[in-house]
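Text of my_file-v5.pdb, listed as PDB, C-alpha atoms, pLDDT in the B column:
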```
MODEL        1
ATOM      1  CA  MET A   1       0.000   0.000   0.000  1.00 26.00           C
ATOM      2  CA  SER A   2       1.250   3.462  -0.811  1.00 28.00           C
ATOM      3  CA  THR A   3       2.472   5.414   2.178  1.00 29.00           C
ATOM      4  CA  ASP A   4       1.488   8.680   0.525  1.00 33.00           C
ATOM      5  CA  GLY A   5      -2.041   8.170   1.781  1.00 31.00           C
ATOM      6  CA  TRP A   6      -4.045  11.339   1.489  1.00 29.00           C
ATOM      7  CA  LYS A   7      -2.059  12.799  -1.390  1.00 30.00           C
ATOM      8  CA  ASN A   8      -3.852  16.135  -1.188  1.00 33.00           C
ATOM      9  CA  PHE A   9      -3.098  16.616   2.514  1.00 29.00           C
ATOM     10  CA  GLY A  10      -2.346  20.307   2.947  1.00 33.00           C
ATOM     11  CA  THR A  11      -3.686  21.360  -0.440  1.00 30.00           C
ATOM     12  CA  TYR A  12      -6.725  22.969   1.193  1.00 30.00           C
ATOM     13  CA  GLY A  13      -5.169  23.978   4.508  1.00 33.00           C
ATOM     14  CA  ALA A  14      -5.150  20.859   6.742  1.00 32.00           C
ATOM     15  CA  ASP A  15      -1.402  21.236   7.228  1.00 39.00           C
ATOM     16  CA  ARG A  16      -1.902  24.683   8.770  1.00 38.00           C
ATOM     17  CA  ASP A  17      -3.046  22.970  11.978  1.00 43.00           C
ATOM     18  CA  PRO A  18       0.102  21.787  13.813  1.00 54.00           C
ATOM     19  CA  GLY A  19      -2.008  19.186  15.620  1.00 71.00           C
ATOM     20  CA  ASN A  20      -2.492  17.249  12.386  1.00 81.00           C
ATOM     21  CA  VAL A  21       0.348  14.750  11.983  1.00 90.00           C
ATOM     22  CA  HIS A  22       1.081  11.558  10.111  1.00 92.00           C
ATOM     23  CA  GLY A  23      -0.369   8.495  11.808  1.00 94.00           C
ATOM     24  CA  LYS A  24       3.105   7.075  12.452  1.00 94.00           C
ATOM     25  CA  ILE A  25       3.899  10.125  14.615  1.00 94.00           C
ATOM     26  CA  ALA A  26       0.567   9.968  16.432  1.00 95.00           C
ATOM     27  CA  LEU A  27       1.022   6.232  17.039  1.00 95.00           C
ATOM     28  CA  ALA A  28       4.506   6.773  18.471  1.00 94.00           C
ATOM     29  CA  ARG A  29       3.147   9.499  20.768  1.00 93.00           C
ATOM     30  CA  ALA A  30       0.326   7.218  21.897  1.00 94.00           C
ATOM     31  CA  LEU A  31       2.824   4.485  22.734  1.00 94.00           C
ATOM     32  CA  GLU A  32       4.909   6.972  24.719  1.00 92.00           C
ATOM     33  CA  ASP A  33       1.765   7.931  26.646  1.00 91.00           C
ATOM     34  CA  ALA A  34       1.067   4.237  27.316  1.00 91.00           C
ATOM     35  CA  LEU A  35       4.596   3.821  28.657  1.00 90.00           C
ATOM     36  CA  GLU A  36       4.188   6.847  30.915  1.00 89.00           C
ATOM     37  CA  ARG A  37       0.911   5.463  32.278  1.00 89.00           C
ATOM     38  CA  MET A  38       2.609   2.139  32.958  1.00 89.00           C
ATOM     39  CA  ILE A  39       5.393   3.901  34.858  1.00 90.00           C
ATOM     40  CA  ILE A  40       2.948   5.889  36.985  1.00 91.00           C
ATOM     41  CA  ASP A  41       0.138   3.368  37.411  1.00 89.00           C
ATOM     42  CA  GLY A  42       2.496   0.627  38.526  1.00 89.00           C
ATOM     43  CA  GLY A  43       4.464   2.876  40.865  1.00 93.00           C
ATOM     44  CA  ILE A  44       4.220   3.504  44.573  1.00 96.00           C
ATOM     45  CA  LYS A  45       1.009   5.363  45.351  1.00 95.00           C
ATOM     46  CA  SER A  46       1.822   6.652  48.848  1.00 96.00           C
ATOM     47  CA  PRO A  47       3.512  10.099  48.827  1.00 96.00           C
ATOM     48  CA  VAL A  48       7.182  10.221  49.694  1.00 97.00           C
ATOM     49  CA  ASP A  49       6.494  12.370  52.765  1.00 95.00           C
ATOM     50  CA  THR A  50       4.507   9.562  54.418  1.00 96.00           C
ATOM     51  CA  ARG A  51       6.271   6.841  56.382  1.00 94.00           C
ATOM     52  CA  ARG A  52       4.857   4.158  54.106  1.00 95.00           C
ATOM     53  CA  GLY A  53       5.807   5.987  50.919  1.00 96.00           C
ATOM     54  CA  LEU A  54       9.337   6.734  52.078  1.00 97.00           C
ATOM     55  CA  LYS A  55      10.044   3.168  53.202  1.00 96.00           C
ATOM     56  CA  ALA A  56       8.671   1.725  49.968  1.00 97.00           C
ATOM     57  CA  ARG A  57      10.856   4.009  47.857  1.00 97.00           C
ATOM     58  CA  MET A  58      13.934   3.297  49.922  1.00 97.00           C
ATOM     59  CA  ARG A  59      13.369  -0.459  49.693  1.00 97.00           C
ATOM     60  CA  TYR A  60      13.142  -0.157  45.919  1.00 97.00           C
ATOM     61  CA  LEU A  61      16.218   2.047  45.696  1.00 97.00           C
ATOM     62  CA  THR A  62      18.314  -0.180  47.957  1.00 97.00           C
ATOM     63  CA  THR A  63      17.295  -3.543  46.494  1.00 96.00           C
ATOM     64  CA  THR A  64      17.043  -2.760  42.781  1.00 96.00           C
ATOM     65  CA  LYS A  65      20.015  -2.646  40.443  1.00 95.00           C
ATOM     66  CA  GLY A  66      20.969   0.944  39.758  1.00 96.00           C
ATOM     67  CA  GLY A  67      19.378   2.258  42.950  1.00 97.00           C
ATOM     68  CA  PRO A  68      22.548   3.664  44.571  1.00 96.00           C
ATOM     69  CA  GLN A  69      23.469   5.425  41.325  1.00 97.00           C
ATOM     70  CA  ALA A  70      19.937   6.833  41.013  1.00 97.00           C
ATOM     71  CA  LEU A  71      20.238   8.256  44.541  1.00 97.00           C
ATOM     72  CA  ALA A  72      23.617   9.764  43.735  1.00 97.00           C
ATOM     73  CA  ASP A  73      22.339  11.227  40.459  1.00 97.00           C
ATOM     74  CA  ALA A  74      19.479  12.844  42.374  1.00 97.00           C
ATOM     75  CA  GLY A  75      21.976  14.543  44.705  1.00 97.00           C
ATOM     76  CA  ILE A  76      21.825  12.243  47.743  1.00 97.00           C
ATOM     77  CA  THR A  77      25.173  12.230  49.574  1.00 95.00           C
ATOM     78  CA  ALA A  78      24.049  10.571  52.821  1.00 95.00           C
ATOM     79  CA  THR A  79      26.222   7.952  54.515  1.00 96.00           C
ATOM     80  CA  PRO A  80      25.337   4.245  54.283  1.00 95.00           C
ATOM     81  CA  ALA A  81      24.214   4.363  57.929  1.00 97.00           C
ATOM     82  CA  THR A  82      21.806   7.199  57.178  1.00 97.00           C
ATOM     83  CA  ILE A  83      20.504   5.365  54.112  1.00 97.00           C
ATOM     84  CA  ARG A  84      19.821   2.314  56.298  1.00 96.00           C
ATOM     85  CA  ALA A  85      18.019   4.483  58.856  1.00 96.00           C
ATOM     86  CA  TRP A  86      15.803   5.993  56.149  1.00 96.00           C
ATOM     87  CA  THR A  87      15.052   2.517  54.817  1.00 96.00           C
ATOM     88  CA  ARG A  88      14.101   1.196  58.270  1.00 94.00           C
ATOM     89  CA  GLY A  89      12.059   4.293  58.991  1.00 91.00           C
ATOM     90  CA  THR A  90      14.031   5.208  62.106  1.00 93.00           C
ATOM     91  CA  GLN A  91      15.180   8.540  60.691  1.00 95.00           C
ATOM     92  CA  ARG A  92      13.333  11.046  58.529  1.00 95.00           C
ATOM     93  CA  PRO A  93      15.183  12.835  55.719  1.00 97.00           C
ATOM     94  CA  ARG A  94      15.100  16.600  55.382  1.00 96.00           C
ATOM     95  CA  PRO A  95      12.548  17.957  52.868  1.00 96.00           C
ATOM     96  CA  ALA A  96      15.226  18.451  50.204  1.00 97.00           C
ATOM     97  CA  ASN A  97      16.342  14.849  50.579  1.00 97.00           C
ATOM     98  CA  LEU A  98      12.738  13.617  50.473  1.00 97.00           C
ATOM     99  CA  GLU A  99      12.332  15.353  47.138  1.00 97.00           C
ATOM    100  CA  ALA A 100      15.606  13.867  45.876  1.00 97.00           C
ATOM    101  CA  ILE A 101      14.543  10.363  46.978  1.00 98.00           C
ATOM    102  CA  ASP A 102      11.264  10.761  45.115  1.00 97.00           C
ATOM    103  CA  THR A 103      13.139  11.910  42.001  1.00 97.00           C
ATOM    104  CA  ALA A 104      15.555   8.986  42.257  1.00 97.00           C
ATOM    105  CA  TYR A 105      12.698   6.514  42.620  1.00 97.00           C
ATOM    106  CA  TRP A 106      10.728   7.710  39.620  1.00 96.00           C
ATOM    107  CA  ASN A 107      13.831   8.044  37.460  1.00 95.00           C
ATOM    108  CA  LEU A 108      14.880   4.481  38.274  1.00 95.00           C
ATOM    109  CA  ARG A 109      11.388   3.112  37.751  1.00 94.00           C
ATOM    110  CA  ALA A 110      11.129   4.880  34.377  1.00 91.00           C
ATOM    111  CA  HIS A 111      14.525   3.514  33.349  1.00 90.00           C
ATOM    112  CA  ASN A 112      13.555  -0.028  34.311  1.00 91.00           C
ATOM    113  CA  VAL A 113      10.225   0.128  32.472  1.00 88.00           C
ATOM    114  CA  LEU A 114      11.832   1.601  29.364  1.00 84.00           C
ATOM    115  CA  THR A 115      14.560  -1.043  29.300  1.00 85.00           C
ATOM    116  CA  ASN A 116      12.021  -3.851  29.690  1.00 86.00           C
ATOM    117  CA  PRO A 117       9.662  -3.320  26.737  1.00 87.00           C
ATOM    118  CA  GLY A 118       8.323  -6.848  27.160  1.00 90.00           C
ATOM    119  CA  ALA A 119       5.994  -5.611  29.893  1.00 88.00           C
ATOM    120  CA  LEU A 120       4.395  -3.056  27.556  1.00 91.00           C
ATOM    121  CA  LYS A 121       4.130  -5.643  24.781  1.00 94.00           C
ATOM    122  CA  GLN A 122       2.349  -8.036  27.110  1.00 93.00           C
ATOM    123  CA  HIS A 123       0.018  -5.272  28.259  1.00 91.00           C
ATOM    124  CA  LEU A 124      -0.933  -4.338  24.692  1.00 95.00           C
ATOM    125  CA  ASN A 125      -1.183  -7.886  23.340  1.00 95.00           C
ATOM    126  CA  ARG A 126      -3.507  -9.012  26.163  1.00 94.00           C
ATOM    127  CA  ASN A 127      -2.998 -12.702  25.401  1.00 94.00           C
ATOM    128  CA  GLY A 128      -3.931 -12.229  21.762  1.00 93.00           C
ATOM    129  CA  ARG A 129      -6.994 -10.066  22.383  1.00 95.00           C
ATOM    130  CA  GLY A 130      -5.128  -6.913  21.400  1.00 96.00           C
ATOM    131  CA  THR A 131      -5.886  -3.359  22.472  1.00 96.00           C
ATOM    132  CA  ARG A 132      -8.572  -0.939  21.374  1.00 96.00           C
ATOM    133  CA  ILE A 133      -7.398   2.317  19.818  1.00 95.00           C
ATOM    134  CA  GLU A 134      -9.262   5.521  19.093  1.00 95.00           C
ATOM    135  CA  ILE A 135      -8.365   7.404  15.910  1.00 93.00           C
ATOM    136  CA  HIS A 136      -9.312  11.069  15.603  1.00 90.00           C
ATOM    137  CA  PRO A 137      -9.360  12.416  12.030  1.00 85.00           C
ATOM    138  CA  VAL A 138      -7.549  15.597  11.069  1.00 79.00           C
ATOM    139  CA  ASN A 139      -8.878  18.802  12.546  1.00 70.00           C
ATOM    140  CA  GLN A 140     -10.412  20.591   9.563  1.00 57.00           C
ATOM    141  CA  ALA A 141     -10.836  23.999  11.179  1.00 55.00           C
ATOM    142  CA  ALA A 142      -8.079  25.385   8.932  1.00 47.00           C
ATOM    143  CA  VAL A 143      -9.390  23.665   5.798  1.00 48.00           C
ATOM    144  CA  ASP A 144     -11.183  25.808   3.239  1.00 41.00           C
ATOM    145  CA  GLU A 145     -14.866  25.300   4.072  1.00 49.00           C
ATOM    146  CA  PRO A 146     -16.021  23.983   0.682  1.00 43.00           C
ATOM    147  CA  ARG A 147     -13.294  21.319   0.891  1.00 46.00           C
ATOM    148  CA  ARG A 148     -14.089  19.985   4.374  1.00 45.00           C
ATOM    149  CA  ARG A 149     -15.187  16.377   4.668  1.00 52.00           C
ATOM    150  CA  ASP A 150     -18.206  16.162   6.935  1.00 54.00           C
ATOM    151  CA  ASN A 151     -18.192  12.370   7.001  1.00 54.00           C
ATOM    152  CA  LEU A 152     -14.879  11.998   8.842  1.00 67.00           C
ATOM    153  CA  ARG A 153     -15.498  10.617  12.304  1.00 81.00           C
ATOM    154  CA  ILE A 154     -13.624   9.123  15.242  1.00 88.00           C
ATOM    155  CA  GLN A 155     -12.759   5.519  14.502  1.00 90.00           C
ATOM    156  CA  HIS A 156     -12.403   2.719  17.045  1.00 92.00           C
ATOM    157  CA  ARG A 157     -10.424  -0.402  16.213  1.00 92.00           C
ATOM    158  CA  GLN A 158      -9.391  -3.478  18.174  1.00 95.00           C
ATOM    159  CA  VAL A 159      -5.784  -3.857  17.060  1.00 95.00           C
ATOM    160  CA  ARG A 160      -3.936  -7.165  17.325  1.00 94.00           C
ATOM    161  CA  TYR A 161      -0.603  -8.644  16.277  1.00 93.00           C
ATOM    162  CA  ILE A 162       1.326  -5.400  15.656  1.00 95.00           C
ATOM    163  CA  TRP A 163       2.260  -4.477  19.192  1.00 96.00           C
ATOM    164  CA  ASP A 164       5.589  -6.317  19.484  1.00 96.00           C
ATOM    165  CA  ASP A 165       6.840  -4.617  16.320  1.00 96.00           C
ATOM    166  CA  ALA A 166       5.367  -1.259  17.363  1.00 96.00           C
ATOM    167  CA  VAL A 167       7.092  -1.245  20.750  1.00 94.00           C
ATOM    168  CA  ASP A 168      10.392  -2.330  19.178  1.00 93.00           C
ATOM    169  CA  ALA A 169      10.056   0.470  16.616  1.00 94.00           C
ATOM    170  CA  LEU A 170       9.366   2.995  19.374  1.00 91.00           C
ATOM    171  CA  VAL A 171      12.426   1.946  21.350  1.00 88.00           C
ATOM    172  CA  ALA A 172      14.588   2.029  18.208  1.00 90.00           C
ATOM    173  CA  GLY A 173      13.121   5.315  16.953  1.00 90.00           C
ATOM    174  CA  ASP A 174      12.240   3.483  13.723  1.00 94.00           C
ATOM    175  CA  LEU A 175       9.580   5.634  12.045  1.00 93.00           C
ATOM    176  CA  ASP A 176       9.741   3.660   8.798  1.00 95.00           C
ATOM    177  CA  THR A 177       8.466   0.560  10.576  1.00 96.00           C
ATOM    178  CA  MET A 178       5.942   2.669  12.484  1.00 96.00           C
ATOM    179  CA  GLU A 179       4.647   3.955   9.139  1.00 95.00           C
ATOM    180  CA  ASP A 180       4.250   0.413   7.796  1.00 96.00           C
ATOM    181  CA  LEU A 181       2.354  -0.583  10.935  1.00 96.00           C
ATOM    182  CA  TRP A 182       0.078   2.436  10.644  1.00 95.00           C
ATOM    183  CA  ASP A 183      -0.677   1.464   7.056  1.00 92.00           C
ATOM    184  CA  ASP A 184      -1.665  -2.000   8.317  1.00 92.00           C
ATOM    185  CA  ILE A 185      -4.035  -0.485  10.885  1.00 92.00           C
ATOM    186  CA  ILE A 186      -5.834   1.907   8.552  1.00 91.00           C
ATOM    187  CA  ALA A 187      -6.045  -0.684   5.760  1.00 88.00           C
ATOM    188  CA  GLU A 188      -9.052  -2.053   7.681  1.00 83.00           C
ATOM    189  CA  LEU A 189     -10.880   1.210   7.004  1.00 79.00           C
ATOM    190  CA  ASP A 190     -11.245   0.160   3.357  1.00 68.00           C
ATOM    191  CA  SER A 191     -11.975   3.107   1.050  1.00 58.00           C
ATOM    192  CA  ASP A 192     -11.580   5.628   3.902  1.00 68.00           C
ATOM    193  CA  TRP A 193      -8.022   4.616   4.718  1.00 71.00           C
ATOM    194  CA  GLY A 194      -6.417   7.557   2.905  1.00 71.00           C
ATOM    195  CA  ALA A 195      -8.367  10.065   4.984  1.00 78.00           C
ATOM    196  CA  TYR A 196      -6.724   8.696   8.137  1.00 86.00           C
ATOM    197  CA  THR A 197      -3.118   8.662   6.960  1.00 87.00           C
ATOM    198  CA  TYR A 198      -2.896  11.991   8.785  1.00 88.00           C
ATOM    199  CA  VAL A 199      -4.740  12.342  12.096  1.00 91.00           C
ATOM    200  CA  SER A 200      -5.129  14.737  14.995  1.00 90.00           C
ATOM    201  CA  TYR A 201      -4.902  12.175  17.802  1.00 91.00           C
ATOM    202  CA  ILE A 202      -4.593   8.467  18.575  1.00 95.00           C
ATOM    203  CA  GLY A 203      -5.580   7.051  21.947  1.00 94.00           C
ATOM    204  CA  ILE A 204      -4.431   3.584  23.031  1.00 94.00           C
ATOM    205  CA  GLY A 205      -6.735   1.670  25.329  1.00 83.00           C
ATOM    206  CA  ALA A 206      -9.559   4.082  24.476  1.00 56.00           C
TER
ENDMDL
END
```

What is this file in structure tokens?
Amino acid sequence: MSTDGWKNFGTYGADRDPGNVHGKIALARALEDALERMIIDGGIKSPVDTRRGLKARMRYLTTTKGGPQALADAGITATPATIRAWTRGTQRPRPANLEAIDTAYWNLRAHNVLTNPGALKQHLNRNGRGTRIEIHPVNQAAVDEPRRRDNLRIQHRQVRYIWDDAVDALVAGDLDTMEDLWDDIIAELDSDWGAYTYVSYIGIGA
């Protein structure tokens, strides 16, 4: 299938809206959003300034590979004895150190999620059931009124089998593969596929 898609995109003004992008870009952004949700949703919920939240973060930072370096990168210079006291909950860090511990925790968690794309693949594949996506057509506000297409609507699709390749392409920054995958997705729209080569938004899990 041609990757040119909507060959007249921009002829009547659709490209004047910076929110209208090629589907490969919107798909990559949606995957980044899914990764961010995975980082946050699977993280420690209790705030760092609570006893529970502090102990949980310190356990993670002292038992997970890269934890000491994450603490150092966040500006923590405490002695090993002080680190142990924070972890046991027998000593409370100063506010500046609490903030640094929180930063170290989230940075390390993000690093570990990003370097383990298998978790995101599993989440999106859902044992073969796939994941539902929501495709918003281009915003036509900047299109010359006589040329607007009134029949463009939000599309919902249950997408299967592409997610391993999509996550690998995201990690590698491979937009050529992302473009091929987007072509595969919109091919199911039959005669309308060209109108969704460029979109305003893609939501994953919508």

Evaluate the PyMOL selection byres ((chain A and resi 67-82) around 7) and report residues as number ranges by chain:
A: 61-62, 64-66, 83-86, 97, 100-101, 103-104, 108

So which residues get picked by the PyMOL selection byres ((chain A and resi 197) around 7) here, written as a PyMOL selection string?
chain A and resi 5-6+22-23+193-196+198-199

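Of the residues under consideration (A:Arg157, A:Val167, A:Asp102, A:Leu27), A:Val167 shows the shortest atom-to-atom contact distance to Ala119 (chain A) when counting all atoms listed in the file.
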
Go through A:Asn112, A:Thr131, A:Thr87, A:Ser46 and flag the residue nearest Ala34 (chain A), using only C-alpha atoms for the distances.
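For Ala34 (chain A), the nearest of the given residues is A:Thr131.
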
By how many Å are CA of Asn139 (chain A) and CA of Val171 (chain A) apart?
28.6 Å

Pairwise distance, CA of Val48 (chain A) with CA of Leu114 (chain A), equals 22.6 Å

Write out as a PyMOL selection string each polymer residue whose atoms come within 12 Å of Ala172 (chain A), counting all atoms listed in the file; drop sequence neighbours fewer than 4 positions from it.
chain A and resi 28+114-115+117+165-168+176-178

Quick one: everything within 10 Å of Gln158 (chain A), counting only C-alpha atoms, minus sequence neighbours fewer than 6 positions away in the same chain. Send it as a PyMOL selection string.
chain A and resi 129-134+185+204-206

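Of the listed residues A:Arg160, A:His136, A:Asn107, A:Glu188, the one whose atoms come nearest to Ser200 (chain A) is A:His136, with distances taken using only C-alpha atoms.
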
Straight-line distance linking CA of Arg109 (chain A) with CA of Glu36 (chain A), stated in Å to one decimal:
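Spanning CA of Arg109 (chain A) to CA of Glu36 (chain A) is a straight-line distance of 10.6 Å.
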
I'd like the residues picked by the PyMOL selection byres ((chain A and resi 35) around 9) written out as a PyMOL selection string, using the chain letters and numbers from the file.
chain A and resi 30-34+36-40+110+113-114+117+120

Restrict the selected residues to C-alpha atoms and save them as a compact mmCIF listing (two decimals), in the frame of the given file.
```txt
# COMPACT_ATOMS: atom_id res chain seq x y z
CA ALA A 30 0.33 7.22 21.90
CA LEU A 31 2.82 4.49 22.73
CA GLU A 32 4.91 6.97 24.72
CA ASP A 33 1.76 7.93 26.65
CA ALA A 34 1.07 4.24 27.32
CA GLU A 36 4.19 6.85 30.92
CA ARG A 37 0.91 5.46 32.28
CA MET A 38 2.61 2.14 32.96
CA ILE A 39 5.39 3.90 34.86
CA ILE A 40 2.95 5.89 36.98
CA ALA A 110 11.13 4.88 34.38
CA VAL A 113 10.22 0.13 32.47
CA LEU A 114 11.83 1.60 29.36
CA PRO A 117 9.66 -3.32 26.74
CA LEU A 120 4.39 -3.06 27.56
```

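Each of A:Gly118, A:Gly53, A:Pro137, A:Gly43 was compared to Gly203 (chain A) using only C-alpha atoms, and A:Pro137 turns out to be the nearest.
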
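By all atoms listed in the file, and with residues fewer than 5 positions from Leu175 (chain A) along its chain excluded, the set lying at most 9 Å from it is Lys24, Ile25, Ala28, Ala169, Leu170 and Asp180 of chain A.
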
Would you output that residue set with C-alpha atoms, as a CSV table (one decimal), in the coordinates of the input?
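Produced file part_3.csv, reproduced below:
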```csv
chain,number,residue,atom,x,y,z
A,24,LYS,CA,3.1,7.1,12.5
A,25,ILE,CA,3.9,10.1,14.6
A,28,ALA,CA,4.5,6.8,18.5
A,169,ALA,CA,10.1,0.5,16.6
A,170,LEU,CA,9.4,3.0,19.4
A,180,ASP,CA,4.2,0.4,7.8
```

Nearest candidate to Asp41 (chain A) (options A:Gln155, A:Met58, A:Tyr201, A:Trp106; using only C-alpha atoms):
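Comparing A:Gln155, A:Met58, A:Tyr201, A:Trp106 against Asp41 (chain A), the winner is A:Trp106.
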